[in-house]
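Contents: one structure, followed by commentary.
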Amino acid sequence: MNSHNNALKALAGFGRSLNRLYENRNHNPLSNGEVTILKKIAEFKPGVIIDGGANIGGYAHLVNTYCPNAAVYCFEPVVKTFNKLTANLKSNNKNTTINKGLYNQNCSKTINIFPCDEHASIYDIDSTLQTSTGSVVIELMKGDDFLFQQDIKSVFLLKLDLEGAEYDALQGFQNSLKNGIIKFVQFEYGYINITTKRLLIDYYTLLESYGYILGKVFPKIVEFRKYEFKYEDFIGPNFIAVHKGEIALIKSLASR
């Protein structure tokens with residue numbers, strides 16, 4: 001049988017589209033499960049939430065809405081974007097904006113800028129997004145150092161949307177992860193991981209070594225699951241890792 005024909009090609013394309021739908025390739029927090037997570041964690045009264053890659057404050061506003069008593073630390077390294085972020089969040093004293101990015105060391109790096117506020121990356125992502133319009137130098141810092149400087153003893157949620165630098169940022173929190181200071185982590189995973197060469201298995205290996213269990217975010221639930229090669233699909237958008245000692249939190253996130 002000739003399996004390479006137009007009919008099967010069309011079916012294969014439909015199958016890929018169906019798979020992307022089923023696997024929740026959706027970056028809208030209102031429908032992809034991110035708001036569902038915030039609603040669920042509200043009952044646990046989160047104290048500190050770190051928003052890595054805060055952009056102009058969209059996610060912080062959601063936190064303010066669903067977890068109004070949480071202190072939100074918003075990291076945004078690009079000055080132009082940071083100024084918009086600060087203006088958007090200034091009316092709520094629960095928000096603290098930091099003009100730095102999260103990384104595995106304290107340093108300066110060049111970041112690529114794209115035509116909208118939503119994308120800037122220290123990695124070359126021209127193949128996955130619009131062409132870069134330029135670059136600027138930004139300041140980066142280790143998360144462990146920030147927590148020490150601010151005397152933060154517990155972080156309920158570390159949320160990372162860093163256009164490919166999520167793994168680098170996690171490395172900067174290794175002491176906090178090792179000591180269980182961070183209850184759970186949310187990170188993006190997608191096509192950009194092809195460019196960064198950081199696979200899903202790298203996240204599993206790192207976070208499981210510190211006692212976390214991982215799952216994928218769906219619109220209504222988090223599906224906790226062991227790593228398998230088939231999950232290396234670059235569809236994204238979000239995975240979470242919850243410390244295994246947080247039994248009630250895990251149960252809540254996994255239930256409809």
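Order determines the names: the first chain of the structure tokens is A, the second B, and so forth; residues in each chain are numbered 1 upward, and ligands are numbered 1 upward as they are shown.
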Would you give me, as an mmCIF file with C-alpha atoms, in the first residue's frame, the residues in stretch 19-170 of chain A that DSSP reads as strand (DSSP E)?
```cif
data_model
loop_
_atom_site.group_PDB
_atom_site.id
_atom_site.type_symbol
_atom_site.label_atom_id
_atom_site.label_comp_id
_atom_site.auth_asym_id
_atom_site.auth_seq_id
_atom_site.Cartn_x
_atom_site.Cartn_y
_atom_site.Cartn_z
ATOM 1 C CA VAL A 48 4.528 34.784 47.970
ATOM 2 C CA ILE A 49 4.289 34.319 44.218
ATOM 3 C CA ILE A 50 7.229 35.045 41.917
ATOM 4 C CA ASP A 51 6.364 36.005 38.343
ATOM 5 C CA GLY A 52 9.468 35.458 36.243
ATOM 6 C CA ALA A 71 2.698 39.273 47.504
ATOM 7 C CA VAL A 72 3.747 39.182 43.853
ATOM 8 C CA TYR A 73 7.374 39.767 42.856
ATOM 9 C CA CYS A 74 7.474 40.581 39.150
ATOM 10 C CA PHE A 75 10.744 40.252 37.217
ATOM 11 C CA ASN A 95 3.051 43.976 43.620
ATOM 12 C CA THR A 96 6.800 44.536 43.602
ATOM 13 C CA THR A 97 8.524 45.041 40.257
ATOM 14 C CA ILE A 98 12.185 44.170 39.708
ATOM 15 C CA GLY A 101 15.710 38.734 34.780
ATOM 16 C CA LEU A 102 16.087 35.375 36.502
ATOM 17 C CA TYR A 103 19.076 33.268 35.504
ATOM 18 C CA CYS A 107 25.490 38.796 35.132
ATOM 19 C CA SER A 108 24.657 41.019 32.165
ATOM 20 C CA LYS A 109 23.513 39.596 28.839
ATOM 21 C CA THR A 110 22.202 40.762 25.506
ATOM 22 C CA ILE A 111 18.519 40.056 24.902
ATOM 23 C CA ASN A 112 16.799 39.991 21.513
ATOM 24 C CA ILE A 113 13.779 42.275 21.175
ATOM 25 C CA ALA A 120 12.142 39.061 24.235
ATOM 26 C CA SER A 121 14.709 36.317 24.642
ATOM 27 C CA GLY A 134 17.256 44.713 17.819
ATOM 28 C CA SER A 135 18.811 43.938 21.163
ATOM 29 C CA VAL A 136 19.573 45.518 24.525
ATOM 30 C CA VAL A 137 21.748 44.612 27.487
ATOM 31 C CA ILE A 138 19.876 43.409 30.567
ATOM 32 C CA GLU A 139 20.759 42.496 34.140
ATOM 33 C CA LEU A 140 20.181 38.954 35.371
ATOM 34 C CA MET A 141 20.308 37.442 38.836
ATOM 35 C CA LYS A 142 20.104 34.139 40.684
ATOM 36 C CA VAL A 155 7.578 30.757 47.988
ATOM 37 C CA PHE A 156 4.189 29.289 47.165
ATOM 38 C CA LEU A 157 4.500 29.561 43.378
ATOM 39 C CA LEU A 158 7.455 30.217 41.105
ATOM 40 C CA LYS A 159 6.002 30.973 37.671
ATOM 41 C CA LEU A 160 8.475 31.112 34.770
#
```
- Message: DSSP on the backbone, alpha helix (DSSP H) only: what residues of stretch 56-233 of chain A does that give? Format it as a ChimeraX atom specification.
- Response: /A:58-66,79-89,143-149,166-171,174-178,192-196,200-208
Write the residues you've just listed into a file as a JSON list (two decimals), in the first residue's frame, and include C-alpha atoms for each of them.
```json
[["chain", "number", "residue", "atom", "x", "y", "z"],
["A", 58, "GLY", "CA", -1.07, 40.42, 32.67],
["A", 59, "TYR", "CA", -0.37, 37.43, 34.90],
["A", 60, "ALA", "CA", 0.18, 39.61, 37.98],
["A", 61, "HIS", "CA", -3.27, 41.12, 37.45],
["A", 62, "LEU", "CA", -4.74, 37.61, 37.44],
["A", 63, "VAL", "CA", -2.94, 36.81, 40.68],
["A", 64, "ASN", "CA", -4.26, 40.06, 42.20],
["A", 65, "THR", "CA", -7.77, 39.02, 41.17],
["A", 66, "TYR", "CA", -7.81, 35.41, 42.36],
["A", 79, "VAL", "CA", 13.57, 48.62, 30.62],
["A", 80, "LYS", "CA", 10.89, 49.71, 28.15],
["A", 81, "THR", "CA", 8.66, 46.79, 29.10],
["A", 82, "PHE", "CA", 9.51, 47.19, 32.78],
["A", 83, "ASN", "CA", 8.27, 50.80, 32.74],
["A", 84, "LYS", "CA", 4.91, 49.64, 31.36],
["A", 85, "LEU", "CA", 4.80, 46.85, 33.93],
["A", 86, "THR", "CA", 5.40, 49.26, 36.80],
["A", 87, "ALA", "CA", 2.76, 51.69, 35.53],
["A", 88, "ASN", "CA", 0.21, 48.89, 35.14],
["A", 89, "LEU", "CA", 0.77, 47.49, 38.64],
["A", 143, "GLY", "CA", 16.79, 33.50, 42.37],
["A", 144, "ASP", "CA", 18.50, 32.10, 45.47],
["A", 145, "ASP", "CA", 20.32, 35.40, 45.94],
["A", 146, "PHE", "CA", 17.09, 37.37, 45.58],
["A", 147, "LEU", "CA", 15.28, 35.30, 48.19],
["A", 148, "PHE", "CA", 18.22, 35.69, 50.56],
["A", 149, "GLN", "CA", 18.39, 39.46, 50.05],
["A", 166, "GLU", "CA", 13.18, 28.73, 32.17],
["A", 167, "TYR", "CA", 15.72, 25.99, 32.85],
["A", 168, "ASP", "CA", 18.48, 28.55, 33.39],
["A", 169, "ALA", "CA", 16.29, 30.31, 35.95],
["A", 170, "LEU", "CA", 15.56, 27.05, 37.77],
["A", 171, "GLN", "CA", 19.28, 26.47, 38.13],
["A", 174, "GLN", "CA", 18.65, 25.19, 43.18],
["A", 175, "ASN", "CA", 19.28, 25.79, 46.89],
["A", 176, "SER", "CA", 15.67, 26.85, 47.39],
["A", 177, "LEU", "CA", 14.38, 23.84, 45.48],
["A", 178, "LYS", "CA", 16.69, 21.51, 47.38],
["A", 192, "ILE", "CA", 11.62, 27.25, 21.66],
["A", 193, "ASN", "CA", 13.11, 24.31, 23.54],
["A", 194, "ILE", "CA", 14.34, 23.00, 20.21],
["A", 195, "THR", "CA", 16.48, 26.13, 19.97],
["A", 196, "THR", "CA", 17.64, 26.07, 23.59],
["A", 200, "LEU", "CA", 11.37, 18.13, 28.92],
["A", 201, "ILE", "CA", 13.45, 15.30, 30.33],
["A", 202, "ASP", "CA", 15.96, 17.86, 31.63],
["A", 203, "TYR", "CA", 13.22, 19.51, 33.71],
["A", 204, "TYR", "CA", 12.04, 16.15, 35.01],
["A", 205, "THR", "CA", 15.57, 15.10, 35.94],
["A", 206, "LEU", "CA", 16.35, 18.35, 37.76],
["A", 207, "LEU", "CA", 13.08, 18.77, 39.63],
["A", 208, "GLU", "CA", 12.53, 15.13, 40.54]]
```
- Message: I'd like the contact shell of A:Ala248 - 12 Å cut-off, only C-alpha atoms, skipping same-chain residues fewer than 6 positions apart - returned as a ChimeraX atom specification.
- Response: /A:40-41,43-44,183,242,254-255
Residues just named, written with N, CA and C atoms as a PDB file, in the first residue's frame:
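Result file follows (result.pdb):
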```
ATOM      1  N   LYS A  40      -7.764  27.428  42.220  1.00  0.00           N
ATOM      2  CA  LYS A  40      -7.583  26.308  43.141  1.00  0.00           C
ATOM      3  C   LYS A  40      -6.615  26.641  44.270  1.00  0.00           C
ATOM      4  N   ILE A  41      -5.541  27.357  43.950  1.00  0.00           N
ATOM      5  CA  ILE A  41      -4.557  27.631  45.008  1.00  0.00           C
ATOM      6  C   ILE A  41      -5.028  28.729  45.951  1.00  0.00           C
ATOM      7  N   GLU A  43      -7.503  28.760  47.824  1.00  0.00           N
ATOM      8  CA  GLU A  43      -7.934  28.171  49.090  1.00  0.00           C
ATOM      9  C   GLU A  43      -6.756  27.884  50.020  1.00  0.00           C
ATOM     10  N   PHE A  44      -5.532  27.842  49.465  1.00  0.00           N
ATOM     11  CA  PHE A  44      -4.343  27.585  50.274  1.00  0.00           C
ATOM     12  C   PHE A  44      -3.697  28.879  50.775  1.00  0.00           C
ATOM     13  N   LYS A 183       7.105  25.727  46.985  1.00  0.00           N
ATOM     14  CA  LYS A 183       6.090  24.673  46.992  1.00  0.00           C
ATOM     15  C   LYS A 183       5.844  24.122  45.595  1.00  0.00           C
ATOM     16  N   VAL A 242       5.284  20.095  41.638  1.00  0.00           N
ATOM     17  CA  VAL A 242       4.846  20.337  43.006  1.00  0.00           C
ATOM     18  C   VAL A 242       5.661  19.467  43.944  1.00  0.00           C
ATOM     19  N   ALA A 254      -5.066  18.093  40.726  1.00  0.00           N
ATOM     20  CA  ALA A 254      -5.347  16.943  39.885  1.00  0.00           C
ATOM     21  C   ALA A 254      -6.832  16.637  39.759  1.00  0.00           C
ATOM     22  N   SER A 255      -7.662  17.338  40.535  1.00  0.00           N
ATOM     23  CA  SER A 255      -9.101  17.066  40.507  1.00  0.00           C
ATOM     24  C   SER A 255      -9.855  18.090  39.670  1.00  0.00           C
TER      25      SER A 255
END
```
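With distances restricted to only C-alpha atoms, A:Ile56 is the closest residue to A:Lys90 from A:Val78, A:Glu188, A:Gln105, A:Ile56.
Taking atom CA of A:Phe184 as the reference point, atom CA of A:Ile213 is found at 9.3 Å.
Minimum distance to A:Gly33 across A:Lys100, A:Lys153, A:Lys220, A:His4 (counting only C-alpha atoms) occurs at A:Lys220.
Here atom CA of A:Asn55 stands at a distance of 5.9 Å from atom CA of A:Glu76.
Between atom CA of A:Asn106 and atom CA of A:Asn93 there is a distance of 27.0 Å.
Proximity of A:Gly236, A:Asn32, A:Ser252, A:Asn99 to A:Leu199, computed with only C-alpha atoms, is greatest for A:Gly236.
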